[in-house]
$ cat protein_31.tsv   # TSV, C-alpha atoms and all ligand atoms
chain	number	residue	atom	x	y	z
A	1	MET	CA	-40.51	-0.14	-32.87
A	2	SER	CA	-37.08	0.73	-34.01
A	3	GLN	CA	-35.30	3.51	-32.15
A	4	PHE	CA	-34.17	4.81	-35.50
A	5	LYS	CA	-36.30	7.13	-37.53
A	6	GLY	CA	-35.33	6.93	-41.09
A	7	TYR	CA	-31.59	7.01	-41.39
A	8	PHE	CA	-30.77	8.90	-38.17
A	9	PRO	CA	-30.35	7.62	-34.60
A	10	MET	CA	-32.57	9.35	-32.02
A	11	VAL	CA	-30.19	8.31	-29.30
A	12	ARG	CA	-26.78	9.89	-29.77
A	13	PRO	CA	-24.42	9.35	-26.81
A	14	ARG	CA	-22.03	11.74	-28.53
A	15	ARG	CA	-24.37	14.66	-27.73
A	16	MET	CA	-23.32	14.50	-24.10
A	17	ARG	CA	-19.68	14.09	-25.05
A	18	ARG	CA	-19.70	17.07	-27.38
A	19	ASP	CA	-18.84	19.85	-24.93
A	20	GLU	CA	-16.74	20.04	-21.82
A	21	PHE	CA	-19.70	21.27	-19.72
A	22	SER	CA	-21.79	18.16	-20.36
A	23	ARG	CA	-18.80	15.85	-20.07
A	24	ARG	CA	-18.18	17.41	-16.65
A	25	LEU	CA	-21.82	17.06	-15.60
A	26	MET	CA	-22.00	13.34	-16.31
A	27	ARG	CA	-18.60	12.47	-14.83
A	28	GLU	CA	-19.07	9.74	-12.22
A	29	ASN	CA	-15.69	9.40	-10.56
A	30	LEU	CA	-13.22	12.14	-9.71
A	31	LEU	CA	-9.86	11.94	-8.00
A	32	THR	CA	-9.45	14.20	-4.99
A	33	PRO	CA	-6.66	14.55	-2.43
A	34	ASP	CA	-8.80	12.44	-0.07
A	35	ASP	CA	-8.14	9.40	-2.24
A	36	PHE	CA	-4.43	9.13	-1.61
A	37	ILE	CA	-2.11	7.29	0.73
A	38	TYR	CA	1.52	8.27	0.15
A	39	PRO	CA	4.11	5.52	0.72
A	40	VAL	CA	7.65	6.51	1.74
A	41	PHE	CA	10.92	4.67	2.39
A	42	VAL	CA	12.69	5.64	5.59
A	43	LEU	CA	16.47	5.62	6.16
A	44	GLU	CA	18.58	5.83	9.27
A	45	GLY	CA	20.73	8.91	9.84
A	46	GLN	CA	20.35	12.63	9.27
A	47	GLY	CA	20.13	14.54	6.02
A	48	GLN	CA	20.20	11.26	4.08
A	49	ARG	CA	18.52	11.02	0.71
A	50	GLU	CA	19.04	8.07	-1.66
A	51	PRO	CA	17.38	7.55	-5.02
A	52	VAL	CA	15.83	4.14	-5.70
A	53	PRO	CA	17.31	3.15	-9.08
A	54	SER	CA	14.36	1.01	-10.22
A	55	MET	CA	11.87	3.73	-9.19
A	56	PRO	CA	13.10	7.02	-10.70
A	57	GLY	CA	11.67	9.95	-8.76
A	58	VAL	CA	11.36	7.94	-5.53
A	59	GLU	CA	13.90	8.49	-2.77
A	60	ARG	CA	14.66	6.88	0.55
A	61	LEU	CA	14.70	9.63	3.20
A	62	SER	CA	16.07	9.96	6.69
A	63	ILE	CA	13.54	11.01	9.32
A	64	ASP	CA	14.38	14.73	9.24
A	65	LEU	CA	13.78	14.86	5.47
A	66	LEU	CA	10.74	12.64	5.82
A	67	VAL	CA	9.20	15.25	8.08
A	68	GLU	CA	9.73	17.87	5.34
A	69	GLU	CA	8.12	15.52	2.82
A	70	ALA	CA	5.16	15.06	5.19
A	71	ARG	CA	4.71	18.83	5.46
A	72	ALA	CA	4.61	19.09	1.66
A	73	ALA	CA	2.17	16.19	1.46
A	74	ALA	CA	-0.08	17.77	4.09
A	75	ARG	CA	-0.12	21.05	2.14
A	76	LEU	CA	-1.39	19.10	-0.88
A	77	GLY	CA	-4.16	17.62	1.27
A	78	ILE	CA	-2.86	14.05	1.43
A	79	PRO	CA	-4.62	12.39	4.40
A	80	ALA	CA	-2.12	9.66	5.22
A	81	MET	CA	1.37	8.31	4.66
A	82	ALA	CA	2.58	4.71	4.81
A	83	LEU	CA	6.07	4.12	6.21
A	84	PHE	CA	8.48	1.47	4.96
A	85	PRO	CA	11.75	1.31	6.87
A	86	VAL	CA	15.03	0.39	5.18
A	87	THR	CA	16.80	-1.76	7.76
A	88	PRO	CA	20.62	-1.78	7.65
A	89	ALA	CA	21.95	-5.29	6.89
A	90	GLY	CA	23.60	-5.48	10.32
A	91	LYS	CA	20.22	-5.26	12.06
A	92	LYS	CA	18.62	-8.16	10.18
A	93	THR	CA	18.40	-11.41	12.11
A	94	GLU	CA	16.81	-14.85	11.99
A	95	ASP	CA	14.22	-13.81	14.62
A	96	ALA	CA	13.50	-10.30	13.22
A	97	ALA	CA	13.74	-8.78	16.70
A	98	GLU	CA	14.44	-5.33	15.23
A	99	ALA	CA	10.82	-5.31	14.03
A	100	TYR	CA	9.54	-4.55	17.54
A	101	ASN	CA	12.43	-2.46	18.84
A	102	PRO	CA	10.65	0.49	20.53
A	103	ASP	CA	13.55	2.62	19.32
A	104	GLY	CA	13.57	1.18	15.81
A	105	LEU	CA	13.48	3.20	12.62
A	106	ALA	CA	9.74	2.82	11.98
A	107	GLN	CA	8.85	3.58	15.59
A	108	ASN	CA	11.08	6.67	15.64
A	109	ALA	CA	9.69	7.85	12.31
A	110	VAL	CA	6.13	7.56	13.66
A	111	ARG	CA	6.98	9.66	16.71
A	112	ALA	CA	8.72	12.32	14.64
A	113	LEU	CA	5.87	12.55	12.14
A	114	LYS	CA	3.08	12.69	14.71
A	115	ASP	CA	5.05	15.33	16.57
A	116	ALA	CA	5.71	17.55	13.53
A	117	VAL	CA	2.58	17.01	11.42
A	118	PRO	CA	-0.09	15.69	13.81
A	119	GLU	CA	-2.93	15.91	11.28
A	120	MET	CA	-1.18	13.48	8.93
A	121	GLY	CA	-2.47	9.91	9.37
A	122	VAL	CA	0.48	7.59	9.88
A	123	ILE	CA	0.26	4.00	8.65
A	124	THR	CA	2.91	1.43	9.52
A	125	ASP	CA	3.75	-1.78	7.70
A	126	VAL	CA	3.45	-4.90	9.83
A	127	ALA	CA	5.60	-7.62	8.25
A	128	LEU	CA	9.01	-9.07	8.96
A	129	ASP	CA	10.71	-9.00	5.54
A	130	PRO	CA	12.75	-5.84	6.19
A	131	PHE	CA	14.12	-7.47	9.35
A	132	THR	CA	14.87	-11.10	8.42
A	133	ILE	CA	18.17	-12.24	6.93
A	134	HIS	CA	16.27	-14.39	4.40
A	135	GLY	CA	13.84	-11.67	3.27
A	136	GLN	CA	10.71	-13.71	4.05
A	137	ASP	CA	7.79	-11.99	5.81
A	138	GLY	CA	7.99	-14.39	8.74
A	139	LEU	CA	10.12	-16.81	10.76
A	140	ILE	CA	11.19	-19.97	8.94
A	141	ASP	CA	11.80	-23.58	9.97
A	142	GLU	CA	14.80	-25.71	8.91
A	143	THR	CA	13.18	-26.43	5.53
A	144	GLY	CA	12.64	-22.72	4.82
A	145	TYR	CA	8.87	-22.93	5.38
A	146	VAL	CA	7.41	-19.73	6.86
A	147	LEU	CA	5.92	-20.62	10.23
A	148	ASN	CA	2.48	-19.18	10.80
A	149	ASP	CA	1.69	-18.99	14.50
A	150	GLU	CA	5.24	-18.19	15.60
A	151	THR	CA	5.31	-15.36	13.05
A	152	VAL	CA	1.96	-14.01	14.26
A	153	GLU	CA	3.43	-13.64	17.74
A	154	VAL	CA	6.24	-11.46	16.42
A	155	LEU	CA	3.87	-9.47	14.19
A	156	THR	CA	1.70	-8.79	17.22
A	157	GLN	CA	4.66	-7.39	19.15
A	158	GLN	CA	5.61	-5.32	16.11
A	159	ALA	CA	2.10	-3.89	15.74
A	160	LEU	CA	1.95	-3.08	19.45
A	161	SER	CA	5.28	-1.24	19.28
A	162	HIS	CA	3.92	0.83	16.37
A	163	ALA	CA	0.74	1.68	18.28
A	164	GLU	CA	2.78	2.62	21.33
A	165	ALA	CA	4.87	4.95	19.18
A	166	GLY	CA	1.64	6.63	18.06
A	167	ALA	CA	0.78	5.01	14.72
A	168	ASP	CA	-2.80	5.78	13.70
A	169	VAL	CA	-3.09	2.69	11.52
A	170	VAL	CA	-1.18	-0.58	11.52
A	171	ALA	CA	-1.18	-2.43	8.23
A	172	PRO	CA	-0.28	-6.12	8.30
A	173	SER	CA	1.04	-6.96	4.83
A	174	ASP	CA	2.34	-10.43	5.64
A	175	MET	CA	-0.61	-12.76	4.83
A	176	MET	CA	-0.23	-15.06	7.87
A	177	ASP	CA	-3.47	-16.73	8.98
A	178	GLY	CA	-5.10	-15.24	12.06
A	179	ARG	CA	-2.85	-12.23	12.40
A	180	ILE	CA	-5.62	-9.65	12.32
A	181	GLY	CA	-7.41	-11.30	15.25
A	182	ALA	CA	-4.22	-11.61	17.27
A	183	ILE	CA	-3.22	-8.01	16.63
A	184	ARG	CA	-6.71	-6.69	17.37
A	185	GLU	CA	-6.82	-8.54	20.67
A	186	ALA	CA	-3.39	-7.25	21.69
A	187	LEU	CA	-4.34	-3.68	20.75
A	188	GLU	CA	-7.55	-3.86	22.77
A	189	GLU	CA	-5.74	-5.35	25.77
A	190	GLY	CA	-3.03	-2.71	25.49
A	191	GLY	CA	-5.63	0.07	25.57
A	192	HIS	CA	-5.09	1.01	21.92
A	193	ILE	CA	-8.75	0.85	21.08
A	194	HIS	CA	-8.56	3.61	18.46
A	195	THR	CA	-5.72	2.12	16.44
A	196	ARG	CA	-7.12	1.14	13.08
A	197	ILE	CA	-6.11	-1.97	11.20
A	198	LEU	CA	-5.68	-1.77	7.44
A	199	ALA	CA	-5.44	-5.44	6.49
A	200	TYR	CA	-3.63	-6.43	3.33
A	201	SER	CA	-6.33	-9.07	2.94
A	202	ALA	CA	-5.90	-9.85	-0.72
A	203	LYS	CA	-2.20	-9.67	-1.26
A	204	TYR	CA	-1.04	-11.63	-4.25
A	205	ALA	CA	2.30	-13.36	-4.85
A	206	SER	CA	3.01	-10.83	-7.57
A	207	SER	CA	6.07	-10.24	-9.69
A	208	PHE	CA	5.25	-6.53	-9.66
A	209	TYR	CA	6.92	-6.06	-6.25
A	210	GLY	CA	10.50	-6.21	-7.59
A	211	PRO	CA	11.40	-2.50	-7.32
A	212	PHE	CA	9.99	-2.33	-3.76
A	213	ARG	CA	12.27	-5.16	-2.71
A	214	ASP	CA	15.18	-3.18	-4.16
A	215	ALA	CA	14.01	-0.08	-2.30
A	216	VAL	CA	13.85	-1.71	1.14
A	217	GLY	CA	16.85	-3.91	0.45
A	218	SER	CA	15.13	-7.29	0.85
A	219	ALA	CA	15.64	-8.45	-2.76
A	220	ALA	CA	19.18	-9.75	-2.22
A	221	ASN	CA	18.16	-11.53	0.98
A	222	LEU	CA	15.21	-13.23	-0.70
A	223	GLY	CA	17.36	-14.28	-3.67
A	224	ALA	CA	15.60	-16.95	-5.71
A	225	GLY	CA	13.08	-17.45	-2.91
A	226	ASN	CA	9.39	-16.78	-3.36
A	227	LYS	CA	6.33	-16.14	-1.20
A	228	TYR	CA	3.93	-18.66	-2.74
A	229	THR	CA	3.14	-20.41	0.55
A	230	TYR	CA	1.48	-17.32	2.02
A	231	GLN	CA	0.70	-14.68	-0.62
A	232	MET	CA	-2.20	-15.52	-2.96
A	233	ASP	CA	-2.04	-17.12	-6.38
A	234	PRO	CA	-2.74	-14.59	-9.15
A	235	HIS	CA	-4.95	-17.17	-10.87
A	236	ASN	CA	-7.59	-16.93	-8.13
A	237	SER	CA	-10.29	-14.54	-7.07
A	238	ASP	CA	-12.75	-16.43	-4.77
A	239	GLU	CA	-9.89	-16.87	-2.33
A	240	ALA	CA	-9.65	-13.09	-1.99
A	241	LEU	CA	-13.24	-12.91	-0.78
A	242	GLN	CA	-12.55	-15.55	1.85
A	243	GLU	CA	-9.47	-13.67	3.07
A	244	VAL	CA	-11.39	-10.39	3.27
A	245	ALA	CA	-14.27	-12.06	5.15
A	246	MET	CA	-11.84	-13.51	7.70
A	247	ASP	CA	-9.98	-10.27	8.25
A	248	LEU	CA	-13.21	-8.32	8.75
A	249	GLU	CA	-14.45	-10.88	11.23
A	250	GLU	CA	-11.13	-10.66	13.08
A	251	GLY	CA	-11.42	-6.90	13.43
A	252	ALA	CA	-9.97	-5.20	10.34
A	253	ASP	CA	-11.28	-1.66	9.72
A	254	MET	CA	-10.10	-1.40	6.13
A	255	VAL	CA	-8.94	-3.87	3.52
A	256	MET	CA	-6.27	-3.64	0.84
A	257	ILE	CA	-6.09	-5.29	-2.56
A	258	LYS	CA	-2.56	-5.57	-3.93
A	259	PRO	CA	-1.33	-5.04	-6.66
A	260	GLY	CA	-3.68	-2.46	-8.18
A	261	MET	CA	-4.16	-2.14	-11.91
A	262	PRO	CA	-4.01	-5.84	-12.86
A	263	TYR	CA	-6.33	-6.68	-9.93
A	264	LEU	CA	-9.22	-4.26	-10.36
A	265	ASP	CA	-11.68	-7.14	-10.76
A	266	ILE	CA	-10.79	-8.08	-7.17
A	267	VAL	CA	-11.30	-4.51	-6.00
A	268	ARG	CA	-14.74	-4.53	-7.59
A	269	ARG	CA	-15.75	-7.92	-6.16
A	270	VAL	CA	-14.57	-7.01	-2.67
A	271	LYS	CA	-16.28	-3.61	-2.68
A	272	GLU	CA	-19.56	-5.06	-3.97
A	273	THR	CA	-19.53	-8.04	-1.63
A	274	PHE	CA	-18.56	-6.33	1.62
A	275	GLY	CA	-19.10	-2.59	1.21
A	276	VAL	CA	-16.26	-1.77	3.57
A	277	PRO	CA	-13.44	0.77	3.17
A	278	THR	CA	-11.45	-0.78	0.33
A	279	PHE	CA	-8.02	0.29	-0.89
A	280	ALA	CA	-5.87	-0.55	-3.87
A	281	TYR	CA	-2.08	-0.63	-3.77
A	282	HIS	CA	-0.59	0.74	-6.97
A	283	VAL	CA	2.65	-1.16	-6.46
A	284	SER	CA	6.27	-0.46	-7.28
A	285	GLY	CA	6.32	-2.43	-10.54
A	286	GLU	CA	3.30	-0.50	-11.81
A	287	TYR	CA	5.06	2.74	-10.91
A	288	ALA	CA	8.24	1.59	-12.66
A	289	MET	CA	6.40	0.67	-15.86
A	290	LEU	CA	4.62	4.00	-16.14
A	291	LYS	CA	7.76	5.92	-15.25
A	292	ALA	CA	9.98	4.06	-17.70
A	293	ALA	CA	7.57	4.38	-20.61
A	294	GLY	CA	7.06	8.04	-19.76
A	295	GLN	CA	10.79	8.74	-19.60
A	296	ASN	CA	11.26	7.09	-22.97
A	297	GLY	CA	8.58	9.27	-24.49
A	298	TRP	CA	6.49	6.18	-25.32
A	299	ILE	CA	3.47	7.32	-23.30
A	300	ASP	CA	2.27	10.60	-21.84
A	301	GLU	CA	3.17	9.90	-18.22
A	302	LYS	CA	0.88	12.45	-16.61
A	303	ALA	CA	-2.18	11.46	-18.65
A	304	CYS	CA	-1.58	7.74	-18.19
A	305	VAL	CA	-0.97	7.99	-14.44
A	306	LEU	CA	-4.08	10.07	-13.81
A	307	GLU	CA	-6.11	7.66	-15.96
A	308	ALA	CA	-4.74	4.63	-14.10
A	309	LEU	CA	-5.56	6.18	-10.71
A	310	THR	CA	-9.04	7.22	-11.85
A	311	CYS	CA	-9.72	3.68	-13.04
A	312	MET	CA	-8.85	2.30	-9.61
A	313	LYS	CA	-11.41	4.61	-8.11
A	314	ARG	CA	-13.99	3.65	-10.75
A	315	ALA	CA	-13.37	-0.02	-9.92
A	316	GLY	CA	-14.47	0.70	-6.35
A	317	ALA	CA	-11.37	1.72	-4.42
A	318	ASP	CA	-12.07	4.28	-1.69
A	319	GLY	CA	-8.40	5.15	-1.69
A	320	ILE	CA	-5.20	4.37	-3.51
A	321	LEU	CA	-1.77	3.79	-2.08
A	322	THR	CA	0.56	5.13	-4.77
A	323	TYR	CA	4.13	6.36	-5.13
A	324	TYR	CA	2.60	8.91	-7.49
A	325	ALA	CA	0.45	10.49	-4.74
A	326	ARG	CA	2.39	13.72	-4.40
A	327	GLN	CA	3.09	14.03	-8.13
A	328	ALA	CA	-0.52	13.30	-9.07
A	329	LEU	CA	-1.82	16.04	-6.79
A	330	GLU	CA	0.73	18.50	-8.13
A	331	TRP	CA	-0.45	17.65	-11.65
A	332	MET	CA	-4.10	18.03	-10.61
A	333	ASP	CA	-3.51	21.37	-8.90
B	1	LIG	C1	6.34	-6.89	2.14
B	1	LIG	C2	5.82	-5.84	1.21
B	1	LIG	C3	5.99	-5.87	-0.16
B	1	LIG	C4	5.40	-4.74	-0.67
B	1	LIG	C5	4.87	-4.02	0.40
B	1	LIG	N1	5.13	-4.74	1.57
B	1	LIG	C6	6.74	-6.80	-1.02
B	1	LIG	C7	6.59	-8.24	-0.86
B	1	LIG	O1	5.56	-8.74	-0.43
B	1	LIG	O2	7.55	-8.91	-1.18
B	1	LIG	C8	5.39	-4.39	-2.11
B	1	LIG	C9	4.94	-3.03	-2.44
B	1	LIG	C10	5.32	-2.57	-3.80
B	1	LIG	O3	5.75	-3.34	-4.67
B	1	LIG	O4	5.17	-1.36	-4.03
B	1	LIG	N2	5.75	-6.98	3.37
$ encode --input "protein_31.tsv" --output "structure tokens"
Amino acid sequence: MSQFKGYFPMVRPRRMRRDEFSRRLMRENLLTPDDFIYPVFVLEGQGQREPVPSMPGVERLSIDLLVEEARAAARLGIPAMALFPVTPAGKKTEDAAEAYNPDGLAQNAVRALKDAVPEMGVITDVALDPFTIHGQDGLIDETGYVLNDETVEVLTQQALSHAEAGADVVAPSDMMDGRIGAIREALEEGGHIHTRILAYSAKYASSFYGPFRDAVGSAANLGAGNKYTYQMDPHNSDEALQEVAMDLEEGADMVMIKPGMPYLDIVRRVKETFGVPTFAYHVSGEYAMLKAAGQNGWIDEKACVLEALTCMKRAGADGILTYYARQALEWMD
């Protein structure tokens, strides 16, 4: 039996698309404030505000201004912020010791934020690239190879110092093997049993991170270097499942896929395979592309950004880390 009677289709999907009421009724995925993690770049000093040239609209802020930004974010209903410190060149070393300075910029920012806006979840980045003179996420040997186990020891100290400062979530973004297990063990032993770990489990060696490296000032240090020996190859997807499985077994509470838009197949596979809290990182290069095209009048920035974020949710992300978090919620208001 044909579904068509005579010339006319009995089934017309356009019926449901005809009016706003029925489009609203059948809508499967909606962005809400609960979906957002707001990343911010933190500067030393007081009253300091510096634009990031490759990310128009994004500024590095000193802690006092960061607190104001957190108040605004909380008013919009943003559940959590992710802190990325901008380390002055003079504090970068071969051994990245500034990473676990209890009085370091990240640690001080955590204390100030939890003090001023206690309901805001505070997420810290666990990785050494802002603190090394070579811009790699770990310690290197004489050939330039990033050492795994030695790096994990430093990352563990860094994560502990964040937890001690009051971080709600530590987020290792370094891709060393075994770091989630080591950090989880140290947190448990240190009595930080409630500190959550957001593991950057599937972090790719992506070229979309360029503007971020400008923002935190690691681009010049890294120079022509790359991160291919630890971040994942964009050609692969099975590897991401293995990384996620390991991190979950080692004690991760949430997992991150990074970048976002070009990697939504990974988001979908991870969410379907593991069913755990899964996040997508809408990275700096994705922000820069949308912003640049919008500023040139080539795309409708607002419409394209909200579509991109919605698609990440549709792909299976429970939340999205995006530089557009505050702007998106202002647009949605
Ligand atoms: C490094 C780190 C990077 C980003 C977040 N943490 C860059 C890198 O791996 O080189 C990139 C985020 C972005 O591009 O927005 N630990």
$ residues_near_ligand --input "protein_31.tsv" --ligand "ligand LIG 1 (chain B)" --cutoff "10 Å" --atoms "only C-alpha atoms and all ligand atoms" --output "VMD selection string"
chain A and resid 39 55 84 125 to 130 135 to 138 171 to 175 200 203 to 216 218 to 219 222 226 to 227 230 to 231 258 to 260 281 to 288 321 to 323
$ atom_distance --input "protein_31.tsv" --atom1 "CA of Gly190 in chain A" --atom2 "CA of Ile257 in chain A"
28.3 Å
$ residues_near_point --input "protein_31.tsv" --point "(-2.2, 3.2, 10.8)" --cutoff "9 Å" --atoms "all atoms listed in the file" --output "number ranges by chain"
A: 80-82, 121-125, 162-163, 166-171, 195-198
$ residues_around --input "protein_31.tsv" --residues "Asp35 in chain A" --least-positions-apart "2" --cutoff "6 Å" --atoms "only C-alpha atoms" --output "CSV table (one decimal) with C-alpha atoms, keeping the file's coordinate frame"
chain,number,residue,atom,x,y,z
A,32,THR,CA,-9.4,14.2,-5.0
A,33,PRO,CA,-6.7,14.6,-2.4
A,319,GLY,CA,-8.4,5.2,-1.7
A,320,ILE,CA,-5.2,4.4,-3.5
$ atom_distance --input "protein_31.tsv" --atom1 "CA of Pro56 in chain A" --atom2 "CA of Tyr263 in chain A"
23.8 Å
$ closest_residue --input "protein_31.tsv" --among "A:Ala303, A:Ile37, A:Leu113, A:Ile133" --to "Arg71 in chain A" --atoms "only C-alpha atoms"
A:Leu113
$ axis_aligned_box --input "protein_31.tsv" --around "range 191-198 of chain A" --padding-each-side "5 Å" --output "JSON"
{"center_x": -6.9, "center_y": 0.8, "center_z": 16.5, "size_x": 13.7, "size_y": 15.6, "size_z": 28.1}
$ closest_residue --input "protein_31.tsv" --among "A:Ala89, A:Ile140, A:Val276, A:Leu290" --to "Ala245 in chain A" --atoms "all atoms listed in the file"
A:Val276
$ residues_around --input "protein_31.tsv" --residues "Arg326 in chain A" --least-positions-apart "3" --cutoff "9 Å" --atoms "all atoms listed in the file" --output "list of chain:residue names"
A:Phe36, A:Tyr38, A:Ala72, A:Ala73, A:Leu76, A:Ile78, A:Thr322, A:Tyr323, A:Leu329, A:Glu330, A:Trp331
$ closest_residue --input "protein_31.tsv" --among "A:Leu306, A:Asp34, A:Tyr100, A:Val152" --to "Gly77 in chain A" --atoms "all atoms listed in the file"
A:Asp34
$ atom_distance --input "protein_31.tsv" --atom1 "CA of Met176 in chain A" --atom2 "CA of Asp149 in chain A"
7.9 Å
$ closest_residue --input "protein_31.tsv" --among "A:Tyr324, A:Phe131, A:Tyr7, A:Tyr145" --to "Pro88 in chain A" --atoms "all atoms listed in the file"
A:Phe131
$ closest_residue --input "protein_31.tsv" --among "A:Ala325, A:Leu139, A:Ile63, A:Ile180" --to "Leu105 in chain A" --atoms "all atoms listed in the file"
A:Ile63
$ residues_around --input "protein_31.tsv" --residues "Leu187 in chain A" --least-positions-apart "2" --cutoff "10 Å" --atoms "all atoms listed in the file" --output "VMD selection string"
chain A and resid 156 to 157 159 to 160 163 to 164 181 to 185 189 to 197
$ residues_around --input "protein_31.tsv" --residues "Pro85 in chain A" --least-positions-apart "5" --cutoff "6 Å" --atoms "all atoms listed in the file" --output "ChimeraX atom specification"
/A:41-42,106
$ closest_residue --input "protein_31.tsv" --among "A:Arg179, A:Arg314, A:Lys302, A:Arg14" --to "Ala280 in chain A" --atoms "only C-alpha atoms"
A:Arg314
$ decode --input "protein_31.tsv" --residues "range 64-78 of chain A" --atoms "N, CA and C atoms" --output "tab-separated table (two decimals), in the first residue's frame"
chain	number	residue	atom	x	y	z
A	64	ASP	N	39.84	41.32	41.11
A	64	ASP	CA	38.74	42.18	41.56
A	64	ASP	C	37.66	42.32	40.46
A	65	LEU	N	38.11	42.44	39.21
A	65	LEU	CA	37.12	42.56	38.12
A	65	LEU	C	36.49	41.20	37.79
A	66	LEU	N	37.27	40.16	38.02
A	66	LEU	CA	36.74	38.81	37.82
A	66	LEU	C	35.56	38.55	38.75
A	67	VAL	N	35.68	39.04	39.97
A	67	VAL	CA	34.60	38.87	40.94
A	67	VAL	C	33.33	39.57	40.44
A	68	GLU	N	33.50	40.76	39.85
A	68	GLU	CA	32.33	41.46	39.28
A	68	GLU	C	31.72	40.65	38.14
A	69	GLU	N	32.59	40.09	37.32
A	69	GLU	CA	32.13	39.26	36.19
A	69	GLU	C	31.36	38.04	36.72
A	70	ALA	N	31.85	37.47	37.81
A	70	ALA	CA	31.20	36.30	38.40
A	70	ALA	C	29.82	36.67	38.94
A	71	ARG	N	29.70	37.86	39.50
A	71	ARG	CA	28.38	38.29	40.01
A	71	ARG	C	27.40	38.41	38.84
A	72	ALA	N	27.87	38.99	37.74
A	72	ALA	CA	27.00	39.14	36.56
A	72	ALA	C	26.62	37.76	36.01
A	73	ALA	N	27.58	36.86	35.99
A	73	ALA	CA	27.32	35.51	35.48
A	73	ALA	C	26.31	34.79	36.37
A	74	ALA	N	26.45	34.96	37.67
A	74	ALA	CA	25.53	34.31	38.61
A	74	ALA	C	24.12	34.85	38.42
A	75	ARG	N	24.01	36.17	38.19
A	75	ARG	CA	22.67	36.75	37.96
A	75	ARG	C	22.01	36.15	36.73
A	76	LEU	N	22.82	35.77	35.74
A	76	LEU	CA	22.26	35.15	34.52
A	76	LEU	C	21.96	33.66	34.72
A	77	GLY	N	22.38	33.13	35.87
A	77	GLY	CA	22.09	31.72	36.16
A	77	GLY	C	23.18	30.76	35.73
A	78	ILE	N	24.34	31.28	35.38
A	78	ILE	CA	25.45	30.39	34.97
A	78	ILE	C	25.92	29.59	36.18
